[in-house]
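S.K.: Just so it is clear, I am handing over my_file21.cif, which has mmCIF, C-alpha atoms.
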data_work
loop_
_atom_site.label_atom_id
_atom_site.label_comp_id
_atom_site.auth_asym_id
_atom_site.auth_seq_id
_atom_site.Cartn_x
_atom_site.Cartn_y
_atom_site.Cartn_z
CA MET X 1 114.75 -10.19 133.02
CA ALA X 2 111.62 -10.73 130.96
CA ALA X 3 111.01 -14.24 129.69
CA THR X 4 111.81 -14.81 126.03
CA LYS X 5 108.69 -15.27 123.96
CA THR X 6 108.34 -18.64 122.31
CA THR X 7 106.30 -19.98 119.42
CA ASP X 8 104.94 -23.49 118.85
CA THR X 9 104.52 -24.43 115.19
CA SER X 10 102.09 -27.21 116.12
CA THR X 11 99.52 -24.47 116.83
CA TYR X 12 99.92 -22.87 113.39
CA LYS X 13 97.14 -23.03 110.83
CA LEU X 14 97.14 -22.69 107.05
CA ASN X 15 94.55 -19.99 107.35
CA HIS X 16 93.66 -18.68 103.92
CA THR X 17 94.41 -18.35 100.23
CA MET X 18 94.12 -14.88 98.70
CA LEU X 19 92.78 -14.39 95.18
CA ARG X 20 92.29 -11.08 93.41
CA VAL X 21 88.90 -10.80 91.72
CA LYS X 22 87.43 -8.50 89.10
CA ASP X 23 83.82 -8.32 90.37
CA PRO X 24 83.29 -9.26 94.03
CA LYS X 25 79.53 -9.68 93.67
CA GLU X 26 79.97 -12.35 91.02
CA SER X 27 82.81 -14.05 92.88
CA VAL X 28 81.03 -14.13 96.24
CA LYS X 29 77.94 -15.52 94.50
CA PHE X 30 80.00 -18.37 93.00
CA TYR X 31 81.73 -19.33 96.25
CA GLU X 32 78.46 -19.16 98.15
CA LEU X 33 77.05 -21.62 95.60
CA LEU X 34 79.90 -23.92 96.66
CA GLY X 35 78.57 -23.66 100.20
CA LEU X 36 80.97 -21.11 101.66
CA THR X 37 79.75 -18.26 103.85
CA GLN X 38 81.09 -14.72 103.91
CA ILE X 39 82.32 -14.55 107.49
CA ARG X 40 83.95 -11.13 107.33
CA LYS X 41 84.52 -8.14 105.09
CA LEU X 42 87.32 -5.66 105.67
CA GLN X 43 87.15 -2.32 103.88
CA PHE X 44 90.12 -0.08 103.17
CA PRO X 45 88.63 2.83 101.19
CA GLU X 46 91.74 4.97 101.67
CA ALA X 47 93.75 2.30 99.82
CA LYS X 48 90.84 1.55 97.46
CA PHE X 49 90.42 -2.16 98.15
CA ASP X 50 88.15 -4.50 100.10
CA LEU X 51 88.74 -8.02 101.44
CA TYR X 52 86.04 -10.70 101.53
CA PHE X 53 86.68 -13.75 103.73
CA LEU X 54 84.66 -16.89 102.96
CA ALA X 55 84.70 -20.24 104.76
CA TYR X 56 82.61 -23.29 105.47
CA ASP X 57 80.62 -22.41 108.56
CA SER X 58 77.68 -24.82 108.87
CA PRO X 59 77.09 -26.29 112.35
CA THR X 60 79.05 -29.39 111.27
CA ALA X 61 81.94 -27.46 109.70
CA VAL X 62 85.43 -27.97 111.12
CA SER X 63 85.82 -24.34 112.23
CA HIS X 64 82.17 -23.41 112.76
CA GLY X 65 81.87 -20.15 114.67
CA HIS X 66 85.60 -19.49 114.86
CA SER X 67 87.06 -16.05 114.21
CA VAL X 68 88.53 -15.43 110.77
CA PHE X 69 92.16 -16.09 111.69
CA ASP X 70 91.43 -19.11 113.91
CA ARG X 71 90.47 -21.27 110.93
CA GLU X 72 91.89 -23.25 108.07
CA GLY X 73 90.57 -23.38 104.51
CA VAL X 74 89.48 -19.73 104.24
CA ILE X 75 89.27 -17.99 100.85
CA GLU X 76 90.17 -14.30 100.84
CA LEU X 77 88.92 -12.39 97.81
CA THR X 78 90.67 -9.07 97.19
CA HIS X 79 88.81 -6.45 95.16
CA ASN X 80 90.65 -3.37 93.96
CA TYR X 81 88.10 -0.64 93.33
CA GLY X 82 87.15 -0.07 89.72
CA THR X 83 88.20 -3.39 88.22
CA GLU X 84 84.58 -4.49 87.87
CA SER X 85 83.90 -1.70 85.38
CA ASP X 86 87.19 -1.95 83.48
CA PRO X 87 86.69 -4.03 80.31
CA ALA X 88 90.47 -4.43 79.90
CA TYR X 89 91.03 -5.86 83.38
CA LYS X 90 91.65 -9.59 83.45
CA ILE X 91 92.88 -11.93 86.16
CA ASN X 92 95.89 -14.23 85.70
CA ASN X 93 94.60 -17.62 86.88
CA GLY X 94 98.09 -19.11 87.17
CA ASN X 95 97.58 -21.85 84.60
CA VAL X 96 98.38 -20.10 81.32
CA GLU X 97 101.91 -19.83 79.94
CA PRO X 98 104.09 -17.90 80.46
CA HIS X 99 102.52 -16.97 83.78
CA ARG X 100 102.02 -20.35 85.46
CA GLY X 101 102.53 -20.72 89.19
CA PHE X 102 99.44 -20.98 91.39
CA GLY X 103 97.31 -23.90 90.22
CA HIS X 104 93.99 -24.19 92.04
CA THR X 105 91.97 -24.42 95.19
CA CYS X 106 90.13 -27.66 95.95
CA ILE X 107 86.89 -28.58 97.67
CA SER X 108 85.95 -32.08 98.81
CA VAL X 109 82.28 -32.99 98.46
CA ASP X 110 79.90 -35.70 99.59
CA ASN X 111 78.64 -36.84 96.18
CA ILE X 112 80.89 -35.68 93.38
CA GLN X 113 78.60 -36.41 90.43
CA ALA X 114 75.68 -34.54 92.01
CA ALA X 115 77.94 -31.68 93.16
CA CYS X 116 79.33 -31.20 89.64
CA GLN X 117 75.85 -31.33 88.12
CA ARG X 118 74.64 -28.68 90.55
CA ILE X 119 77.50 -26.35 89.54
CA GLU X 120 76.83 -26.95 85.85
CA ASP X 121 73.11 -26.36 86.32
CA ALA X 122 73.94 -22.98 87.88
CA GLY X 123 75.58 -21.98 84.60
CA TYR X 124 79.25 -22.24 85.51
CA LYS X 125 81.86 -23.68 83.17
CA PHE X 126 84.37 -26.45 83.75
CA GLN X 127 88.03 -26.71 82.87
CA LYS X 128 87.61 -30.48 83.21
CA LYS X 129 84.41 -32.44 83.73
CA LEU X 130 84.39 -35.84 85.40
CA THR X 131 84.01 -37.50 82.01
CA ASP X 132 87.01 -35.68 80.47
CA GLY X 133 90.45 -37.24 80.21
CA ARG X 134 91.76 -40.29 82.02
CA MET X 135 91.18 -39.18 85.61
CA ARG X 136 87.44 -39.72 86.04
CA ASN X 137 87.39 -39.10 89.80
CA ILE X 138 88.18 -35.38 89.78
CA ALA X 139 86.77 -32.31 88.07
CA PHE X 140 87.79 -28.66 87.77
CA ALA X 141 85.15 -25.93 87.83
CA LEU X 142 85.94 -22.38 86.75
CA ASP X 143 85.07 -19.42 88.96
CA PRO X 144 84.02 -16.08 87.38
CA ASP X 145 87.66 -15.03 86.92
CA GLY X 146 88.76 -18.36 85.48
CA TYR X 147 90.47 -19.67 88.62
CA TRP X 148 90.38 -23.47 88.74
CA VAL X 149 88.50 -25.10 91.63
CA GLU X 150 89.23 -28.80 91.87
CA ILE X 151 86.39 -31.03 93.08
CA ILE X 152 87.18 -34.33 94.79
CA GLY X 153 84.90 -36.83 96.46
CA GLN X 154 84.74 -37.83 100.09
CA LYS X 155 83.41 -41.21 98.93
CA PRO X 156 84.50 -43.56 96.13
CA LEU X 157 83.06 -42.68 92.72
CA GLU X 158 81.08 -45.90 92.43
CA ALA X 159 79.40 -45.29 95.79
CA THR X 160 77.76 -42.08 94.57
CA ALA X 161 77.00 -43.02 90.96
CA ASP X 162 73.24 -43.12 91.52
CA VAL X 163 73.04 -40.27 94.04
CA THR X 164 71.31 -37.15 92.68
CA THR X 165 71.52 -34.91 95.74
CA THR X 166 74.40 -33.13 97.43
CA ASP X 167 74.65 -31.39 100.80
CA VAL X 168 76.93 -28.32 100.74
CA THR X 169 77.12 -28.32 104.54
CA THR X 170 79.38 -31.38 104.28
CA TYR X 171 81.86 -29.73 101.88
CA ARG X 172 85.35 -28.74 102.94
CA MET X 173 87.93 -26.37 101.51
CA ASN X 174 90.51 -29.07 101.18
CA HIS X 175 93.70 -27.71 99.64
CA THR X 176 95.55 -25.08 97.65
CA MET X 177 97.99 -26.09 94.91
CA ILE X 178 101.10 -24.18 93.88
CA ARG X 179 103.78 -25.33 91.46
CA VAL X 180 107.36 -25.42 92.75
CA LYS X 181 110.66 -25.50 90.87
CA ASP X 182 112.76 -27.52 93.33
CA SER X 183 110.85 -29.97 95.51
CA GLU X 184 113.70 -30.45 97.99
CA LYS X 185 114.04 -26.74 98.67
CA SER X 186 110.26 -26.25 98.94
CA LEU X 187 109.75 -29.25 101.21
CA HIS X 188 112.55 -28.03 103.48
CA PHE X 189 110.99 -24.57 103.65
CA TYR X 190 107.45 -25.68 104.41
CA GLN X 191 108.49 -28.38 106.87
CA GLU X 192 111.55 -26.98 108.64
CA VAL X 193 110.76 -23.26 108.45
CA MET X 194 106.96 -23.12 108.38
CA GLY X 195 106.50 -26.21 110.58
CA MET X 196 104.19 -28.24 108.34
CA THR X 197 104.05 -32.03 108.19
CA LEU X 198 104.27 -34.02 104.96
CA LEU X 199 100.95 -35.88 104.83
CA ARG X 200 101.26 -37.72 101.55
CA THR X 201 103.43 -37.99 98.44
CA ALA X 202 101.76 -38.82 95.13
CA PRO X 203 104.32 -39.56 92.40
CA ASN X 204 103.29 -39.78 88.75
CA PRO X 205 106.42 -40.90 86.90
CA ALA X 206 104.59 -41.48 83.62
CA ALA X 207 103.49 -37.85 83.51
CA LYS X 208 106.77 -36.69 85.05
CA PHE X 209 105.39 -34.87 88.07
CA THR X 210 104.99 -35.47 91.80
CA ASN X 211 102.47 -33.95 94.21
CA PHE X 212 103.32 -33.39 97.87
CA PHE X 213 100.55 -32.70 100.40
CA LEU X 214 101.41 -30.87 103.63
CA GLY X 215 99.42 -29.65 106.62
CA TYR X 216 99.55 -28.60 110.25
CA ALA X 217 98.90 -30.75 113.31
CA ALA X 218 96.25 -28.25 114.43
CA GLY X 219 94.23 -29.09 111.33
CA ASN X 220 94.47 -32.88 111.64
CA VAL X 221 90.73 -33.46 111.47
CA THR X 222 89.67 -36.83 110.06
CA SER X 223 86.13 -37.08 111.44
CA PRO X 224 83.85 -38.46 110.14
CA THR X 225 85.56 -41.80 109.58
CA PRO X 226 86.78 -41.82 105.96
CA ALA X 227 84.91 -44.02 103.53
CA GLU X 228 86.69 -47.16 102.41
CA GLY X 229 89.03 -46.41 99.54
CA VAL X 230 89.19 -42.68 100.30
CA SER X 231 92.16 -40.96 101.94
CA SER X 232 91.44 -39.25 105.25
CA ALA X 233 93.06 -36.18 103.68
CA ALA X 234 89.82 -35.63 101.73
CA TYR X 235 88.14 -34.66 105.01
CA ARG X 236 90.82 -32.16 105.99
CA GLU X 237 90.96 -28.43 105.49
CA GLY X 238 94.08 -26.30 105.20
CA VAL X 239 96.22 -28.62 103.09
CA LEU X 240 98.98 -27.29 100.83
CA GLU X 241 99.70 -29.21 97.63
CA LEU X 242 103.09 -28.67 96.02
CA THR X 243 103.33 -29.80 92.40
CA TRP X 244 106.83 -30.51 91.14
CA ASN X 245 107.31 -31.03 87.41
CA HIS X 246 110.42 -33.18 87.14
CA GLY X 247 113.48 -31.43 85.74
CA THR X 248 112.59 -27.83 86.48
CA GLU X 249 115.08 -27.79 89.35
CA SER X 250 118.00 -28.27 86.95
CA ASP X 251 117.07 -25.39 84.64
CA PRO X 252 118.76 -22.20 85.91
CA ASP X 253 116.48 -19.99 83.83
CA PHE X 254 113.22 -21.58 84.94
CA ALA X 255 110.91 -19.66 87.28
CA TYR X 256 107.23 -19.68 88.21
CA HIS X 257 105.05 -16.59 88.31
CA ASP X 258 104.28 -15.57 91.90
CA GLY X 259 100.91 -13.98 91.08
CA ASN X 260 101.95 -10.55 92.37
CA LYS X 261 103.88 -9.38 89.36
CA GLU X 262 101.88 -8.33 86.33
CA PRO X 263 99.60 -9.91 85.25
CA GLN X 264 98.31 -10.38 88.79
CA GLY X 265 95.95 -12.99 90.20
CA PHE X 266 96.76 -15.24 93.17
CA GLY X 267 98.27 -13.19 95.96
CA HIS X 268 99.43 -15.38 98.83
CA ILE X 269 98.77 -18.14 101.28
CA CYS X 270 98.48 -17.19 104.94
CA VAL X 271 99.59 -18.90 108.13
CA SER X 272 98.11 -17.85 111.47
CA VAL X 273 100.44 -18.24 114.46
CA ASP X 274 100.26 -18.38 118.24
CA ASP X 275 102.52 -15.37 118.91
CA ILE X 276 103.32 -13.25 115.88
CA ASP X 277 106.31 -11.49 117.44
CA ALA X 278 107.92 -14.76 118.51
CA ALA X 279 107.08 -16.44 115.20
CA CYS X 280 108.64 -13.61 113.20
CA GLN X 281 111.73 -13.68 115.42
CA ARG X 282 112.04 -17.40 114.74
CA PHE X 283 111.79 -16.75 110.99
CA GLU X 284 114.41 -14.03 111.36
CA ASP X 285 116.72 -16.46 113.17
CA LEU X 286 116.20 -18.96 110.34
CA LYS X 287 117.28 -16.25 107.89
CA VAL X 288 114.16 -16.29 105.75
CA ASN X 289 113.69 -13.93 102.83
CA TRP X 290 111.22 -11.23 103.82
CA LYS X 291 108.74 -9.44 101.61
CA LYS X 292 107.53 -7.41 104.58
CA ARG X 293 108.63 -7.48 108.20
CA LEU X 294 106.16 -6.53 110.95
CA THR X 295 107.88 -3.17 111.30
CA ASP X 296 107.62 -2.31 107.59
CA GLY X 297 104.87 -0.12 106.18
CA ARG X 298 101.69 1.01 107.88
CA MET X 299 100.20 -2.40 108.77
CA LYS X 300 102.21 -3.49 111.81
CA ASN X 301 100.18 -6.64 112.48
CA VAL X 302 101.02 -8.67 109.36
CA ALA X 303 104.27 -9.88 107.82
CA PHE X 304 105.14 -11.64 104.57
CA VAL X 305 107.81 -14.30 104.11
CA LEU X 306 108.98 -15.44 100.65
CA ASP X 307 109.16 -19.15 99.89
CA PRO X 308 111.88 -20.58 97.57
CA ASP X 309 109.82 -19.76 94.47
CA GLY X 310 109.01 -16.23 95.60
CA TYR X 311 105.41 -16.99 96.60
CA TRP X 312 104.23 -14.74 99.42
CA VAL X 313 103.35 -16.37 102.76
CA GLU X 314 101.44 -13.98 105.01
CA ILE X 315 101.93 -14.32 108.77
CA VAL X 316 99.07 -13.21 111.03
CA GLN X 317 98.15 -13.59 114.66
CA ASN X 318 95.59 -16.25 115.61
CA GLU X 319 92.97 -14.01 117.21
CA ARG X 320 91.70 -16.64 119.64
CA LEU X 321 95.16 -17.18 121.08
CA ALA X 322 95.75 -13.43 121.37
CA GLY X 323 92.34 -12.73 122.88
CA LYS X 324 91.67 -9.77 120.59
CA PRO X 325 90.80 -9.14 116.93
CA ASN X 326 93.50 -8.30 114.39
CA PHE X 327 91.37 -5.58 112.82
CA ASP X 328 88.87 -3.29 114.57
CA GLN X 329 86.48 -2.92 111.64
#
Kindly transcribe the structure held in the file into structure tokens.
M.R.:
Amino acid sequence: MAATKTTDTSTYKLNHTMLRVKDPKESVKFYELLGLTQIRKLQFPEAKFDLYFLAYDSPTAVSHGHSVFDREGVIELTHNYGTESDPAYKINNGNVEPHRGFGHTCISVDNIQAACQRIEDAGYKFQKKLTDGRMRNIAFALDPDGYWVEIIGQKPLEATADVTTTDVTTYRMNHTMIRVKDSEKSLHFYQEVMGMTLLRTAPNPAAKFTNFFLGYAAGNVTSPTPAEGVSSAAYREGVLELTWNHGTESDPDFAYHDGNKEPQGFGHICVSVDDIDAACQRFEDLKVNWKKRLTDGRMKNVAFVLDPDGYWVEIVQNERLAGKPNFDQ
């Protein structure tokens, strides 16, 4: 009798966040300004779309030199042919009513004032500058489609006040934020089903919301030693932030937009696993809601699970652990 395949969630990685974009040239240019490198491009001309994978890949980067699906903190840009020349096409960034859901991606930087100035000097707009509002230690830049990119510092604000330079090779793709209706249900799903660990809880009772930060053991990278007054989480990649606005769980009619219904924008987060067949069998045994099983459709090497809010979670094979690429392109 053949041995039953097993899967170890401690090897899982929060691999990437997928965003649809109108014009890939403009979007790649923006994310390269943030220090990311295009590490792979997959083309599907028969289906009329291309995928651009970007990640931090300097010699000091957490996943330097790794294959696409053996990383955390990857950004996948999806371009559907023709959108770049369609004046009516517009992305849903997830932050405008009534289509809120996905919130933002986040990069952590060495010197936040200098990093923000560099982005502004390049001609990009901000949803929130450092000097706006009450929270003076974070900013939100806008990418070409209006997606929010949060910027946080790896050092205390006062330590970089007089620093005018910034080194993009030290940046990290820190986290992805999605809003959730019921924090208990979402925390159970991401911890008990997806195998993540709760890293930190950040309640804000005055503003009536709480943020939960989760990640995988495989991504528990805290080097270099965090600066005094800065959470080690700022040095991590592949963190998932769940934002719970208090009271939504008790409203039976309340729902967030998953990004895949019209108007579209954010597509999914993706988890890479040690053995995709065993992982999917485990999900099956846990009675998850499926968007796509491995056996559905033409692509037999990816699956999609639905979280409690209907967000899509892609499941892919970690190529390093399989010893072969997921795609032959």
S.K.: List as a list of chain:residue names the protein and nucleic acid residues near range 275-283 of chain X, meaning an atom at most 6 Å away when only C-alpha atoms are counted, but skip any in the same chain fewer than 5 places from it.
M.R.: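 What passes the distance filter is X:Lys5, X:Thr6, X:Thr7, X:Val288, X:Gln317.
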S.K.: Which one is closest to Glu249 in chain X: X:Gly297, X:Pro203, X:Pro308, X:Gly265? Count all atoms listed in the file.
M.R.: X:Pro308
S.K.: Take CA of Leu187 in chain X and CA of Thr201 in chain X and report the distance between them in Å, one decimal.
M.R.: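 Computing it gives 11.1 Å between the two atoms.
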S.K.: Residues within 7 Å of Phe69 in chain X, please, as a short mmCIF file (atom, residue, chain, number, x, y, z; two decimals) with C-alpha atoms, in the coordinates of the input. Count all atoms listed in the file; anything in the same chain fewer than 3 positions from it doesn't count.
M.R.:
data_model
loop_
_atom_site.label_atom_id
_atom_site.label_comp_id
_atom_site.auth_asym_id
_atom_site.auth_seq_id
_atom_site.Cartn_x
_atom_site.Cartn_y
_atom_site.Cartn_z
CA ASN X 15 94.55 -19.99 107.35
CA SER X 272 98.11 -17.85 111.47
CA ASN X 318 95.59 -16.25 115.61
CA GLU X 319 92.97 -14.01 117.21
#
S.K.: Return the single residue from X:Met18, X:Asp182, X:Asn326, X:Lys208 that is closest to Glu314 in chain X, with distances computed using only C-alpha atoms.
M.R.: X:Met18
S.K.: Kindly resolve the PyMOL selection byres ((chain X and resi 152-154) around 10) on the present coordinates and return the residues as a PyMOL selection string.
M.R.: chain X and resi 106-113+115-116+130+137-140+149-151+155-157+160+170-172+174+226-235
S.K.: Just checking: using only C-alpha atoms, which residue out of X:Asp57, X:Asp121, X:Asp251, X:Asp309 ends up closest to Thr37 in chain X?
M.R.: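 Nearest to Thr37 in chain X: X:Asp57.
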S.K.: Provide the CA of Pro205 in chain X to CA of His246 in chain X distance in Å, to one decimal place.
M.R.: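 So the two atoms, CA of Pro205 in chain X and CA of His246 in chain X, lie 8.7 Å apart.
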S.K.: Using all atoms listed in the file for the distances, tell me which of X:Ala159, X:Ser250, X:Gly123, X:Thr164 is nearest to Lys181 in chain X.
M.R.: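 Using all atoms listed in the file, the shortest distance to Lys181 in chain X belongs to X:Ser250.
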S.K.: Running the PyMOL selection byres ((chain X and resi 193) around 9) on this model by hand, what would come out? Give it as a PyMOL selection string.
M.R.: chain X and resi 188-192+194-196+282-283+286+288
S.K.: Restricting the calculation to only C-alpha atoms: of X:Tyr147, X:Phe102, X:Phe209, X:Tyr89, which residue gets closest to Ser27 in chain X?
M.R.: X:Tyr147
S.K.: Tell me which of X:Pro144, X:Gly267, X:Gly103, X:Pro59 sits closest to Asp23 in chain X, counting all atoms listed in the file.
M.R.: X:Pro144
S.K.: In Å, with one decimal, what is the gap from CA of Ala217 in chain X to CA of Thr197 in chain X?
M.R.: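 Here the two named atoms are 7.4 Å from each other.
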S.K.: Evaluated on this file, the PyMOL selection byres ((chain X and resi 73) around 10) picks out some residues - which ones are they, written as a list in words?
M.R.: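 This file, filtered by the PyMOL selection byres ((chain X and resi 73) around 10), leaves Lys13, Leu14, Asn15, His16, Thr17, Leu54, Ala55, Tyr56, Val62, Ser63, Arg71, Glu72, Val74, Ile75, Glu76, Thr105, Cys106, Ile107, Arg172, Met173, Asn174, His175, Thr176, Gly219, Arg236, Glu237, Gly238, Val239 and Leu240 of chain X.
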S.K.: Need the shell around Glu26 in chain X: protein/DNA/RNA residues with any atom at most 10 Å away, counting all atoms listed in the file. Skip same-chain ones fewer than 4 positions apart. Format as a ChimeraX atom specification?
M.R.: /X:21-22,30-32,84,143-145
S.K.: Select range 27-43 of chain X in the preceding structure and write N, CA and C atoms to a file as a CSV table (one decimal), in the first residue's frame.
M.R.:
chain,number,residue,atom,x,y,z
X,27,SER,N,2.7,50.3,-14.7
X,27,SER,CA,2.7,49.6,-13.3
X,27,SER,C,4.0,49.0,-13.0
X,28,VAL,N,4.7,48.3,-13.9
X,28,VAL,CA,6.0,47.8,-13.7
X,28,VAL,C,7.0,48.9,-13.4
X,29,LYS,N,6.9,50.0,-14.1
X,29,LYS,CA,7.8,51.1,-13.9
X,29,LYS,C,7.6,51.6,-12.4
X,30,PHE,N,6.4,51.7,-11.9
X,30,PHE,CA,6.1,52.2,-10.6
X,30,PHE,C,6.7,51.3,-9.5
X,31,TYR,N,6.5,50.0,-9.7
X,31,TYR,CA,7.0,49.0,-8.7
X,31,TYR,C,8.5,48.8,-8.7
X,32,GLU,N,9.0,49.0,-9.9
X,32,GLU,CA,10.5,49.0,-10.0
X,32,GLU,C,11.1,50.2,-9.3
X,33,LEU,N,10.4,51.4,-9.3
X,33,LEU,CA,10.8,52.5,-8.6
X,33,LEU,C,10.9,52.2,-7.1
X,34,LEU,N,9.9,51.4,-6.6
X,34,LEU,CA,9.9,51.0,-5.2
X,34,LEU,C,11.0,50.0,-4.9
X,35,GLY,N,11.8,49.6,-5.9
X,35,GLY,CA,12.9,48.7,-5.7
X,35,GLY,C,12.6,47.2,-6.0
X,36,LEU,N,11.4,46.9,-6.5
X,36,LEU,CA,11.1,45.5,-6.9
X,36,LEU,C,11.7,45.2,-8.2
X,37,THR,N,12.0,44.0,-8.5
X,37,THR,CA,12.5,43.5,-9.8
X,37,THR,C,11.5,42.5,-10.4
X,38,GLN,N,11.3,42.7,-11.7
X,38,GLN,CA,10.5,41.7,-12.4
X,38,GLN,C,11.3,40.4,-12.5
X,39,ILE,N,10.8,39.4,-11.8
X,39,ILE,CA,11.6,38.1,-11.7
X,39,ILE,C,11.0,37.1,-12.7
X,40,ARG,N,9.8,37.3,-13.2
X,40,ARG,CA,9.2,36.4,-14.2
X,40,ARG,C,8.0,37.0,-14.9
X,41,LYS,N,7.8,36.6,-16.1
X,41,LYS,CA,6.6,37.0,-16.9
X,41,LYS,C,6.1,35.8,-17.5
X,42,LEU,N,4.8,35.5,-17.3
X,42,LEU,CA,4.1,34.4,-17.9
X,42,LEU,C,3.1,35.0,-18.9
X,43,GLN,N,3.1,34.4,-20.1
X,43,GLN,CA,2.3,34.9,-21.2
X,43,GLN,C,1.3,33.8,-21.6
